[in-house]
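Trainee: You'll find my_file.tsv just under this line, and it carries TSV, C-alpha atoms and all ligand atoms.
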```
chain	number	residue	atom	x	y	z
A	1417	MET	CA	133.60	113.83	79.75
A	1418	THR	CA	130.77	115.39	81.71
A	1419	VAL	CA	128.21	112.85	82.66
A	1420	SER	CA	124.70	113.94	81.74
A	1421	ILE	CA	121.49	112.69	83.25
A	1422	HIS	CA	118.17	112.68	81.49
A	1423	SER	CA	115.66	112.86	84.30
A	1424	LYS	CA	113.01	110.16	84.14
A	1425	LEU	CA	110.65	112.53	85.95
A	1426	PRO	CA	111.70	115.95	84.63
A	1427	ASN	CA	108.60	117.71	85.90
A	1428	VAL	CA	108.84	116.42	89.43
A	1429	GLY	CA	110.39	118.62	92.11
A	1430	THR	CA	110.37	118.29	95.88
A	1431	THR	CA	106.80	117.51	96.96
A	1432	ILE	CA	104.67	120.42	98.14
A	1433	PHE	CA	104.36	118.65	101.51
A	1434	SER	CA	108.11	118.92	102.14
A	1435	VAL	CA	108.22	122.45	100.73
A	1436	MET	CA	105.42	123.71	103.00
A	1437	SER	CA	106.73	121.88	106.05
A	1438	GLN	CA	110.18	123.46	105.51
A	1439	LEU	CA	108.62	126.89	105.00
A	1440	ALA	CA	106.57	126.38	108.17
A	1441	GLU	CA	109.74	125.56	110.08
A	1442	SER	CA	111.82	128.41	108.69
A	1443	SER	CA	109.08	130.96	109.32
A	1444	GLY	CA	108.05	129.57	112.72
A	1445	ALA	CA	104.51	128.89	111.46
A	1446	ILE	CA	102.04	126.39	112.92
A	1447	ASN	CA	102.13	123.47	110.51
A	1448	LEU	CA	98.65	122.42	109.38
A	1449	SER	CA	100.03	121.48	105.96
A	1450	GLN	CA	101.48	117.97	105.87
A	1451	GLY	CA	99.13	115.22	107.01
A	1452	PHE	CA	100.60	113.96	110.24
A	1453	PRO	CA	99.33	114.07	113.83
A	1454	ASP	CA	101.21	116.05	116.48
A	1455	TYR	CA	100.11	113.57	119.15
A	1456	GLN	CA	101.45	110.14	119.99
A	1457	PRO	CA	100.42	106.63	118.90
A	1458	PRO	CA	98.59	104.65	121.64
A	1459	GLU	CA	100.97	104.08	124.56
A	1460	ALA	CA	100.18	100.36	124.70
A	1461	LEU	CA	101.24	100.04	121.06
A	1462	VAL	CA	104.50	101.90	121.66
A	1463	ASN	CA	105.17	99.55	124.60
A	1464	LEU	CA	104.57	96.54	122.36
A	1465	VAL	CA	107.15	97.93	119.89
A	1466	LYS	CA	109.64	98.28	122.77
A	1467	GLN	CA	108.90	94.71	123.82
A	1468	ALA	CA	109.40	93.47	120.25
A	1469	LEU	CA	112.78	95.23	120.14
A	1470	SER	CA	113.77	93.70	123.50
A	1471	ALA	CA	112.67	90.30	122.22
A	1472	HIS	CA	115.23	90.69	119.42
A	1473	TYR	CA	112.93	91.02	116.42
A	1474	HIS	CA	115.70	92.61	114.42
A	1475	GLN	CA	116.05	90.45	111.30
A	1476	TYR	CA	114.20	90.39	107.98
A	1477	ALA	CA	110.51	89.72	108.15
A	1478	PRO	CA	109.03	87.30	105.60
A	1479	MET	CA	108.72	89.00	102.20
A	1480	ILE	CA	104.89	88.99	102.34
A	1481	GLY	CA	104.77	90.16	105.98
A	1482	VAL	CA	104.87	88.67	109.47
A	1483	GLU	CA	102.30	85.88	109.58
A	1484	ALA	CA	100.64	87.08	112.81
A	1485	LEU	CA	100.07	90.48	111.23
A	1486	ARG	CA	98.56	89.07	108.05
A	1487	VAL	CA	96.26	86.90	110.17
A	1488	ALA	CA	95.28	89.91	112.29
A	1489	ILE	CA	94.53	91.92	109.14
A	1490	ALA	CA	92.39	89.08	107.78
A	1491	SER	CA	90.44	88.94	111.01
A	1492	MET	CA	89.97	92.74	110.99
A	1493	LEU	CA	88.68	92.61	107.41
A	1494	SER	CA	86.26	89.86	108.28
A	1495	GLY	CA	85.05	91.46	111.55
A	1496	HIS	CA	84.78	94.98	110.16
A	1497	TYR	CA	83.62	94.46	106.58
A	1498	GLY	CA	82.54	90.81	106.41
A	1499	VAL	CA	85.30	90.26	103.82
A	1500	THR	CA	87.29	87.06	103.50
A	1501	ALA	CA	90.94	87.44	102.48
A	1502	ASP	CA	93.51	84.66	102.64
A	1503	PRO	CA	96.47	85.85	104.75
A	1504	ASP	CA	98.91	83.69	102.78
A	1505	THR	CA	97.89	84.52	99.24
A	1506	GLU	CA	95.89	87.74	99.28
A	1507	ILE	CA	97.41	90.05	101.92
A	1508	THR	CA	100.87	91.60	101.60
A	1509	VAL	CA	102.42	93.90	104.22
A	1510	THR	CA	104.20	96.87	102.66
A	1511	SER	CA	106.44	99.75	103.65
A	1512	GLY	CA	103.55	102.19	103.90
A	1513	ALA	CA	100.73	102.66	101.45
A	1514	THR	CA	103.12	104.57	99.19
A	1515	GLU	CA	105.08	101.42	98.47
A	1516	ALA	CA	101.87	99.44	97.91
A	1517	LEU	CA	100.59	102.03	95.40
A	1518	PHE	CA	103.90	101.97	93.53
A	1519	ALA	CA	104.10	98.16	93.50
A	1520	ALA	CA	100.49	97.75	92.33
A	1521	ILE	CA	100.96	100.25	89.50
A	1522	HIS	CA	104.23	98.64	88.39
A	1523	ALA	CA	102.70	95.17	88.62
A	1524	VAL	CA	100.16	95.90	85.89
A	1525	VAL	CA	100.94	99.09	83.94
A	1526	ARG	CA	103.11	98.77	80.82
A	1527	GLN	CA	104.45	101.14	78.19
A	1528	GLY	CA	101.55	102.91	76.48
A	1529	ASP	CA	98.85	101.84	78.97
A	1530	GLU	CA	96.42	104.46	80.20
A	1531	VAL	CA	95.54	104.91	83.85
A	1532	ILE	CA	92.52	106.99	84.86
A	1533	VAL	CA	93.14	109.26	87.84
A	1534	PHE	CA	90.68	111.73	89.37
A	1535	ASP	CA	91.87	115.26	90.10
A	1536	PRO	CA	92.60	116.50	92.69
A	1537	ALA	CA	94.72	113.36	93.19
A	1538	TYR	CA	97.19	112.29	95.87
A	1539	ASP	CA	100.60	113.19	94.51
A	1540	SER	CA	102.30	109.79	94.35
A	1541	TYR	CA	100.00	108.26	91.70
A	1542	VAL	CA	101.07	110.04	88.53
A	1543	PRO	CA	104.88	109.75	88.91
A	1544	ALA	CA	104.49	106.01	89.54
A	1545	ILE	CA	102.34	105.65	86.41
A	1546	GLU	CA	104.83	107.58	84.30
A	1547	LEU	CA	107.82	105.60	85.59
A	1548	ALA	CA	105.98	102.45	84.55
A	1549	GLY	CA	105.68	103.87	81.02
A	1550	GLY	CA	101.96	104.54	81.37
A	1551	ARG	CA	99.97	107.69	80.64
A	1552	ALA	CA	97.81	109.25	83.33
A	1553	VAL	CA	94.41	110.31	82.01
A	1554	ARG	CA	93.40	112.92	84.58
A	1555	LEU	CA	89.68	113.56	84.98
A	1556	ALA	CA	88.59	116.48	87.13
A	1557	LEU	CA	86.13	115.75	89.92
A	1558	GLU	CA	83.00	117.94	89.85
A	1559	PRO	CA	84.20	121.44	90.82
A	1560	SER	CA	81.77	122.06	93.69
A	1561	THR	CA	80.95	118.60	95.06
A	1562	PHE	CA	84.12	116.69	94.10
A	1563	ALA	CA	81.94	113.80	92.97
A	1564	ILE	CA	83.02	111.56	90.07
A	1565	ASP	CA	81.23	112.29	86.81
A	1566	TRP	CA	80.66	108.70	85.72
A	1567	ASP	CA	79.51	109.72	82.24
A	1568	ARG	CA	82.84	111.46	81.64
A	1569	PHE	CA	84.59	108.43	83.06
A	1570	GLU	CA	82.76	106.20	80.59
A	1571	ARG	CA	83.86	108.42	77.72
A	1572	ALA	CA	87.47	108.34	78.96
A	1573	LEU	CA	87.60	104.53	79.03
A	1574	SER	CA	89.48	103.17	76.03
A	1575	ALA	CA	91.00	99.93	74.83
A	1576	LYS	CA	94.23	101.19	76.38
A	1577	THR	CA	92.80	101.75	79.88
A	1578	ARG	CA	94.60	99.31	82.16
A	1579	LEU	CA	93.87	100.74	85.58
A	1580	VAL	CA	91.67	103.24	87.38
A	1581	ILE	CA	92.73	104.72	90.70
A	1582	VAL	CA	90.08	105.68	93.26
A	1583	ASN	CA	90.58	107.10	96.73
A	1584	SER	CA	87.96	107.15	99.47
A	1585	PRO	CA	87.83	108.85	101.96
A	1586	HIS	CA	89.50	111.31	99.65
A	1587	ASN	CA	92.62	113.35	100.19
A	1588	PRO	CA	92.48	116.35	99.81
A	1589	THR	CA	88.72	116.95	99.51
A	1590	GLY	CA	87.35	114.89	102.43
A	1591	THR	CA	84.60	113.38	100.25
A	1592	ILE	CA	83.68	109.70	100.19
A	1593	LEU	CA	82.53	107.22	97.57
A	1594	GLN	CA	79.13	105.64	98.20
A	1595	SER	CA	78.34	102.02	97.38
A	1596	SER	CA	76.29	103.37	94.44
A	1597	ASP	CA	79.56	104.80	93.03
A	1598	LEU	CA	81.17	101.38	93.31
A	1599	ASP	CA	78.16	99.80	91.55
A	1600	ARG	CA	78.50	102.30	88.73
A	1601	LEU	CA	82.24	101.67	88.46
A	1602	ALA	CA	81.70	97.90	88.41
A	1603	GLY	CA	79.06	98.20	85.70
A	1604	LEU	CA	81.28	100.34	83.48
A	1605	LEU	CA	84.30	98.08	83.91
A	1606	ARG	CA	82.32	94.84	83.38
A	1607	PRO	CA	83.06	94.56	79.64
A	1608	THR	CA	86.68	95.72	80.01
A	1609	ASN	CA	90.00	94.30	81.06
A	1610	CYS	CA	90.62	97.27	83.35
A	1611	LEU	CA	91.81	96.84	86.95
A	1612	VAL	CA	91.17	99.04	89.99
A	1613	LEU	CA	93.62	100.45	92.52
A	1614	SER	CA	91.66	101.60	95.54
A	1615	ASP	CA	93.50	103.84	97.99
A	1616	GLU	CA	91.66	103.36	101.28
A	1617	VAL	CA	94.24	104.66	103.76
A	1618	TYR	CA	91.61	106.75	105.59
A	1619	GLU	CA	89.14	103.84	105.82
A	1620	HIS	CA	88.46	104.35	109.55
A	1621	ILE	CA	88.40	108.15	109.44
A	1622	ILE	CA	84.83	108.56	108.26
A	1623	PHE	CA	82.09	110.68	109.82
A	1624	ASP	CA	78.41	111.33	110.45
A	1625	GLY	CA	77.38	107.68	110.53
A	1626	HIS	CA	78.68	106.86	107.04
A	1627	ALA	CA	80.17	103.39	106.54
A	1628	HIS	CA	83.32	103.07	104.44
A	1629	ALA	CA	82.54	101.49	101.06
A	1630	THR	CA	85.57	99.27	100.45
A	1631	VAL	CA	86.06	97.66	97.04
A	1632	LEU	CA	86.84	94.46	98.94
A	1633	ALA	CA	83.20	94.14	99.99
A	1634	HIS	CA	81.99	94.68	96.43
A	1635	GLN	CA	81.73	91.21	94.93
A	1636	GLU	CA	82.50	92.22	91.37
A	1637	LEU	CA	85.13	94.90	92.01
A	1638	ALA	CA	86.99	92.77	94.55
A	1639	GLN	CA	87.88	90.40	91.69
A	1640	ARG	CA	89.78	93.11	89.82
A	1641	SER	CA	91.08	95.36	92.61
A	1642	PHE	CA	94.15	96.10	94.66
A	1643	ALA	CA	93.01	97.74	97.92
A	1644	VAL	CA	95.68	99.68	99.79
A	1645	PHE	CA	95.73	100.60	103.50
A	1646	SER	CA	98.06	102.33	105.97
A	1647	PHE	CA	98.64	101.75	109.68
A	1648	GLY	CA	100.35	105.15	109.74
A	1649	LYS	CA	96.95	106.85	109.51
A	1650	THR	CA	95.15	104.44	111.84
A	1651	PHE	CA	97.71	104.50	114.66
A	1652	HIS	CA	98.90	108.16	114.50
A	1653	ALA	CA	102.29	106.83	113.41
A	1654	THR	CA	102.92	108.08	109.88
A	1655	GLY	CA	106.68	107.71	110.34
A	1656	TRP	CA	106.44	103.97	110.86
A	1657	LYS	CA	105.53	103.39	107.20
A	1658	VAL	CA	103.64	100.13	107.59
A	1659	GLY	CA	100.77	99.46	105.21
A	1660	TYR	CA	99.28	96.56	103.29
A	1661	CYS	CA	97.69	95.56	100.03
A	1662	VAL	CA	94.76	93.17	99.67
A	1663	ALA	CA	94.09	91.68	96.24
A	1664	PRO	CA	92.93	88.37	94.72
A	1665	VAL	CA	95.50	85.60	94.40
A	1666	GLY	CA	96.61	86.32	90.81
A	1667	LEU	CA	96.95	90.06	91.38
A	1668	SER	CA	98.74	89.53	94.71
A	1669	ALA	CA	101.23	87.21	93.01
A	1670	GLU	CA	102.11	89.91	90.47
A	1671	PHE	CA	102.16	92.55	93.21
A	1672	ARG	CA	104.65	90.50	95.22
A	1673	ARG	CA	106.98	90.17	92.21
A	1674	ILE	CA	107.47	93.93	92.38
A	1675	HIS	CA	107.32	94.26	96.17
A	1676	GLN	CA	110.09	91.72	96.73
A	1677	TYR	CA	112.56	93.85	94.77
A	1678	LEU	CA	111.27	97.19	95.91
A	1679	THR	CA	111.76	96.68	99.65
A	1680	PHE	CA	111.71	92.89	100.06
A	1681	SER	CA	110.11	93.23	103.49
A	1682	THR	CA	108.90	95.74	106.05
A	1683	THR	CA	110.28	96.58	109.50
A	1684	THR	CA	109.93	93.48	111.68
A	1685	PRO	CA	109.41	94.81	115.25
A	1686	LEU	CA	106.68	97.16	114.06
A	1687	GLN	CA	104.83	94.32	112.36
A	1688	VAL	CA	105.07	92.12	115.45
A	1689	ALA	CA	103.77	94.90	117.70
A	1690	ILE	CA	100.92	95.95	115.39
A	1691	ALA	CA	99.76	92.34	115.12
A	1692	GLN	CA	99.52	92.07	118.90
A	1693	TYR	CA	97.86	95.45	119.28
A	1694	LEU	CA	95.19	94.72	116.64
A	1695	GLN	CA	94.19	91.60	118.56
A	1696	LEU	CA	94.27	93.27	122.00
A	1697	THR	CA	92.70	96.62	121.15
A	1698	PRO	CA	90.37	96.52	118.14
A	1699	GLU	CA	88.42	99.39	119.70
A	1700	HIS	CA	91.21	101.76	118.66
A	1701	TYR	CA	90.36	101.60	114.97
A	1702	ARG	CA	86.65	101.18	115.64
A	1703	GLU	CA	86.60	104.48	117.53
A	1704	LEU	CA	88.87	106.42	115.19
A	1705	GLY	CA	85.98	107.93	113.21
A	1706	LYS	CA	84.44	109.32	116.41
A	1707	PHE	CA	87.82	110.66	117.57
A	1708	TYR	CA	88.41	112.55	114.31
A	1709	GLN	CA	84.80	113.68	113.95
A	1710	THR	CA	85.17	115.45	117.32
A	1711	LYS	CA	88.37	117.09	116.05
A	1712	ARG	CA	86.74	118.09	112.77
A	1713	ASP	CA	83.82	119.72	114.60
A	1714	TYR	CA	86.17	121.42	117.06
A	1715	PHE	CA	88.26	122.90	114.24
A	1716	ARG	CA	85.24	123.93	112.16
A	1717	ASN	CA	83.69	125.71	115.16
A	1718	LEU	CA	86.95	127.56	115.78
A	1719	LEU	CA	87.02	128.75	112.16
A	1720	ALA	CA	83.30	129.57	111.88
A	1721	PRO	CA	83.82	133.29	112.67
A	1722	SER	CA	86.71	133.56	110.16
A	1723	LYS	CA	86.48	134.66	106.54
A	1724	PHE	CA	87.22	131.16	105.30
A	1725	ARG	CA	84.28	129.26	103.81
A	1726	LEU	CA	84.54	125.68	105.01
A	1727	LEU	CA	83.58	122.90	102.62
A	1728	PRO	CA	81.83	119.73	103.82
A	1729	CYS	CA	84.16	117.07	105.22
A	1730	GLN	CA	82.88	113.48	105.35
A	1731	GLY	CA	86.17	111.75	106.07
A	1732	THR	CA	90.01	112.02	106.34
A	1733	TYR	CA	91.70	114.51	108.67
A	1734	PHE	CA	91.69	117.31	106.11
A	1735	GLN	CA	89.43	120.33	105.95
A	1736	LEU	CA	89.16	122.33	102.73
A	1737	ALA	CA	88.58	126.07	103.02
A	1738	ASP	CA	87.70	128.57	100.30
A	1739	PHE	CA	89.59	131.81	100.86
A	1740	SER	CA	88.14	133.85	97.99
A	1741	GLU	CA	86.40	136.29	100.34
A	1742	MET	CA	89.83	137.20	101.70
A	1743	SER	CA	92.07	137.22	98.68
A	1744	GLU	CA	92.08	136.98	94.91
A	1745	SER	CA	95.56	135.42	94.88
A	1746	LEU	CA	96.02	131.97	93.46
A	1747	ASP	CA	96.25	129.26	96.07
A	1748	VAL	CA	100.02	128.62	95.94
A	1749	GLU	CA	100.71	132.30	96.50
A	1750	PHE	CA	97.99	132.55	99.17
A	1751	CYS	CA	99.34	129.56	101.11
A	1752	ARG	CA	102.88	130.99	101.09
A	1753	TRP	CA	101.53	134.34	102.29
A	1754	LEU	CA	99.47	132.65	105.00
A	1755	THR	CA	102.56	130.79	106.20
A	1756	VAL	CA	105.01	133.68	106.15
A	1757	GLU	CA	102.75	136.59	107.14
A	1758	HIS	CA	100.18	134.90	109.37
A	1759	GLY	CA	102.08	131.92	110.73
A	1760	VAL	CA	99.84	129.04	109.58
A	1761	ALA	CA	101.03	126.57	106.94
A	1762	THR	CA	98.49	124.85	104.67
A	1763	ILE	CA	98.51	123.06	101.32
A	1764	PRO	CA	97.22	124.67	98.10
A	1765	VAL	CA	94.75	122.32	96.40
A	1766	SER	CA	95.83	123.12	92.84
A	1767	VAL	CA	99.05	121.13	93.34
A	1768	PHE	CA	96.92	117.98	93.33
A	1769	CYS	CA	95.59	118.77	89.85
A	1770	ALA	CA	96.90	118.70	86.28
A	1771	LYS	CA	94.59	121.57	85.33
A	1772	PRO	CA	94.13	123.58	88.47
A	1773	THR	CA	91.68	126.19	87.15
A	1774	ALA	CA	88.69	125.07	89.19
A	1775	ASN	CA	90.41	124.74	92.53
A	1776	GLN	CA	92.65	127.74	92.83
A	1777	HIS	CA	91.05	129.33	95.85
A	1778	LEU	CA	91.12	126.36	98.15
A	1779	ALA	CA	93.54	125.57	100.96
A	1780	ARG	CA	93.78	122.23	102.77
A	1781	PHE	CA	94.13	122.24	106.55
A	1782	CYS	CA	95.20	119.13	108.46
A	1783	PHE	CA	93.24	118.94	111.72
A	1784	ALA	CA	95.08	115.88	113.08
A	1785	LYS	CA	96.56	118.15	115.74
A	1786	ASP	CA	96.22	118.68	119.48
A	1787	ASN	CA	93.43	121.08	120.38
A	1788	THR	CA	96.02	123.56	121.68
A	1789	THR	CA	97.65	123.59	118.21
A	1790	LEU	CA	94.25	124.03	116.56
A	1791	ASP	CA	93.34	126.83	119.04
A	1792	ALA	CA	96.55	128.71	118.30
A	1793	ALA	CA	96.22	128.30	114.52
A	1794	ALA	CA	92.56	129.30	114.51
A	1795	ALA	CA	93.28	132.45	116.54
A	1796	ARG	CA	95.73	133.53	113.82
A	1797	LEU	CA	93.32	132.60	111.03
A	1798	ARG	CA	90.40	134.46	112.61
A	1799	ALA	CA	92.53	137.58	112.93
A	1800	ILE	CA	93.02	137.91	109.16
B	1	LIG	C1	95.56	109.32	99.93
B	1	LIG	C2	96.85	108.83	100.48
B	1	LIG	N1	97.37	107.69	100.00
B	1	LIG	C3	98.54	107.21	100.45
B	1	LIG	C4	99.25	107.87	101.43
B	1	LIG	C5	100.58	107.31	101.86
B	1	LIG	O1	100.46	106.53	103.01
B	1	LIG	P1	101.78	105.99	103.77
B	1	LIG	O2	102.25	107.10	104.64
B	1	LIG	O3	101.32	104.80	104.53
B	1	LIG	O4	102.77	105.65	102.73
B	1	LIG	C6	98.75	109.05	101.96
B	1	LIG	C7	99.53	109.79	102.97
B	1	LIG	O5	99.32	110.95	103.22
B	1	LIG	C8	97.52	109.55	101.47
B	1	LIG	O6	96.99	110.68	101.94
```
What does the file become when written as structure tokens?
Ligand SMILES: Cc1ncc(COP(=O)(O)O)c(C=O)c1O

Mentor:
Amino acid sequence: MTVSIHSKLPNVGTTIFSVMSQLAESSGAINLSQGFPDYQPPEALVNLVKQALSAHYHQYAPMIGVEALRVAIASMLSGHYGVTADPDTEITVTSGATEALFAAIHAVVRQGDEVIVFDPAYDSYVPAIELAGGRAVRLALEPSTFAIDWDRFERALSAKTRLVIVNSPHNPTGTILQSSDLDRLAGLLRPTNCLVLSDEVYEHIIFDGHAHATVLAHQELAQRSFAVFSFGKTFHATGWKVGYCVAPVGLSAEFRRIHQYLTFSTTTPLQVAIAQYLQLTPEHYRELGKFYQTKRDYFRNLLAPSKFRLLPCQGTYFQLADFSEMSESLDVEFCRWLTVEHGVATIPVSVFCAKPTANQHLARFCFAKDNTTLDAAAARLRAI
């Protein structure tokens, strides 16, 4: 008998990030598509990882994370945001933010629950919701500003809404939520039983004097939120896959029930090294915004003479560009053409949306690259 498989995610293929990175490789294009730096993590941090390996940190870490790392995270939260989080009961180290997002969704979303997601949305949210039996209610951000329309959000809230997912600084648009947005969200959720999953992986990559508005510092929202972070973004080490989730005791307990069977624990020597580095070199994350703001400005200046229209970028290491002056093609087709014919790989923004109509002439560039890479890419882009 032939064995048949009913896919649990029939509409999911290989992610656009892998597709574009492969296309970039096969066509010899400069890869500004997937969000990873082409420079190294801080040397002192790499040396601490080597030391941790030499010191034989090879066995399972505690399920909730190495204690020294949880303590270092708590002290970073208190020093940076004035937030108190108990390292034993409220902070869990995860295998990247991706695992934390999946565990948080599975901790609280059941069959038939609705989860509000704002489009364009990072691609891991919706499959995780659907695997949990939930239904993603996808609300488009405002087409030109990518702000949340809180009136539409209010209308979308229902007795079935279990969770809302927010992301600031926002991938792919580079916009940020202000504390007034968090106040509005808190007010609308006050009479409900709805929880919040706040994806804050770009917390330190924020520009022009803005301060990151974390849900953890919002007294009301903090009570009903999972906040998710990633050291991959902060330390230019996306391949290390170390992140963490901060949530109140009851939510963390449910989160850990999933986490312990998803990965059990996260790579030990990396946790040991990151804990030491956070204590020794807090200036790294404190200066990350300045570092990326310089890169953003450098890249924008390089592209200023091109036919791309650059959208504002308040945070993240992504720059959106409108290409409608150059081409009437839809974004997926345009990005393929750009990769194959002009040697620069980017990500089409419509792939982040359920209904892509409003965002079909936007490409996302990752500027977390050495200036020489940005120079070479921009020369090709200006020549079009
Ligand atoms: C918005 C957002 N959330 C989560 C992640 C995943 O983070 P990690 O690599 O730590 O799993 C990314 C990575 O690109 C991201 O952009």

Trainee: In Å, rounded to a single decimal, give me how far CA of Ala1520 (chain A) is from CA of Ser1646 (chain A).

Mentor: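 So the answer is 14.6 Å.
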
Trainee: Of the residues A:Ala1488, A:Val1428, A:Val1644, A:Leu1448, which is the one nearest to Ala1792 (chain A), using all atoms listed in the file?

Mentor: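 The shortest atom-to-atom distance to Ala1792 (chain A) comes from A:Leu1448.
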
Trainee: I'd like a table as a tab-separated table: residues in chain A with an atom no more than 6 Å from ligand LIG 1 (chain B), each row giving the shortest atom pair and its distance in Å to one decimal, all atoms listed in the file counted, sorted by chain and rising residue number.

Mentor:
```
residue	atom	partner	partner_atom	distance
A:Gly1451	CA	B:LIG1	O5	5.7
A:Gly1512	CA	B:LIG1	O3	3.5
A:Ala1513	CA	B:LIG1	O3	3.8
A:Thr1514	CA	B:LIG1	O4	3.7
A:Tyr1538	CA	B:LIG1	C1	5.3
A:Asn1587	CA	B:LIG1	C1	5.0
A:Asp1615	CA	B:LIG1	N1	5.8
A:Val1617	CA	B:LIG1	N1	5.8
A:Ser1646	CA	B:LIG1	O3	4.3
A:Gly1648	CA	B:LIG1	O3	5.3
A:Thr1654	CA	B:LIG1	O2	5.4
A:Lys1657	CA	B:LIG1	O3	5.2
A:Gly1659	CA	B:LIG1	O3	5.4
```

Trainee: Those same residues - C-alpha atoms - I'd like them written as a short mmCIF file (atom, residue, chain, number, x, y, z; two decimals), keeping the file's coordinate frame.

Mentor:
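File written: selection-v2.cif
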```
data_model
loop_
_atom_site.label_atom_id
_atom_site.label_comp_id
_atom_site.auth_asym_id
_atom_site.auth_seq_id
_atom_site.Cartn_x
_atom_site.Cartn_y
_atom_site.Cartn_z
CA GLY A 1451 99.13 115.22 107.01
CA GLY A 1512 103.55 102.19 103.90
CA ALA A 1513 100.73 102.66 101.45
CA THR A 1514 103.12 104.57 99.19
CA TYR A 1538 97.19 112.29 95.87
CA ASN A 1587 92.62 113.35 100.19
CA ASP A 1615 93.50 103.84 97.99
CA VAL A 1617 94.24 104.66 103.76
CA SER A 1646 98.06 102.33 105.97
CA GLY A 1648 100.35 105.15 109.74
CA THR A 1654 102.92 108.08 109.88
CA LYS A 1657 105.53 103.39 107.20
CA GLY A 1659 100.77 99.46 105.21
#
```

Trainee: Taking 3 positions as the minimum chain separation for residues in the same chain, which residues sit within 6 Å of Ser1584 (chain A) when counting all atoms listed in the file? Answer as a list in words.

Mentor: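 Counting all atoms listed in the file, the residues come to Ile1592, Leu1593 and Glu1616 of chain A.
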
Trainee: Please work out which residues fall within 10 Å of (105.9, 89.9, 98.8), coordinates as given in the file, with all atoms listed in the file counting, and return them as number ranges by chain.

Mentor: A: 1478-1481, 1505, 1507-1510, 1519, 1668-1682

Trainee: Near region 1692-1698 of chain A, counting all atoms listed in the file, which residues have an atom at most 8 Å away, once you skip same-chain residues fewer than 5 positions from it, shown as number ranges by chain?

Mentor: A: 1460-1461, 1464, 1484-1485, 1488, 1492

Trainee: So how far away is CA of Pro1536 (chain A) from CA of Leu1557 (chain A), in Å?

Mentor: 7.1 Å

Trainee: With only C-alpha atoms as the atoms that count, which of A:Thr1430, A:Ser1420, A:Ser1449, A:Ser1560 lies nearest to Ala1761 (chain A)?

Mentor: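 When distances to Ala1761 (chain A) are compared using only C-alpha atoms, the smallest one comes from A:Ser1449.
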
Trainee: Hey, can you pull every residue with an atom no more than 12 Å from (82.6, 106.6, 79.9), using only C-alpha atoms, and send it as JSON, numbers by chain?

Mentor: {"A": [1532, 1555, 1564, 1565, 1566, 1567, 1568, 1569, 1570, 1571, 1572, 1573, 1574, 1575, 1577, 1600, 1601, 1603, 1604, 1605, 1608]}

Trainee: Of the candidates A:Ser1443, A:Thr1561, A:Thr1431, A:Ser1641, which one gets nearest to Val1524 (chain A) if we count only C-alpha atoms?

Mentor: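 Of the candidates, the smallest distance to Val1524 (chain A) is held by A:Ser1641.
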
Trainee: Go through A:Gln1709, A:Gln1450, A:Gln1475, A:Asn1427 one by one, measure the shortest atom-to-atom distance of each to Gly1625 (chain A) using all atoms listed in the file, and give the residue with the smallest value.

Mentor: A:Gln1709

Trainee: Would you pick out the contacts of region 1774-1789 of chain A at 7 Å or less, using all atoms listed in the file, so that residues sharing its chain but fewer than 3 positions from it are not included, and give the list as an MDAnalysis selection string?

Mentor: chainID A and resid 1448:1455 1559 1588 1711:1712 1715 1733:1740 1746:1747 1762:1766 1792:1793

Trainee: Nearest residue to Val1631 (chain A) out of A:Ala1516, A:Val1760, A:Val1499, A:Val1482, using all atoms listed in the file?

Mentor: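 Looking only at the distances to Val1631 (chain A), the closest residue turns out to be A:Val1499.
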
Trainee: Quick one: of A:Thr1650, A:Gln1438, A:Ser1743, A:Ser1595, who's nearest to Leu1632 (chain A), counting only C-alpha atoms?

Mentor: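 Going through A:Thr1650, A:Gln1438, A:Ser1743, A:Ser1595 one by one, the smallest distance to Leu1632 (chain A) is for A:Ser1595.
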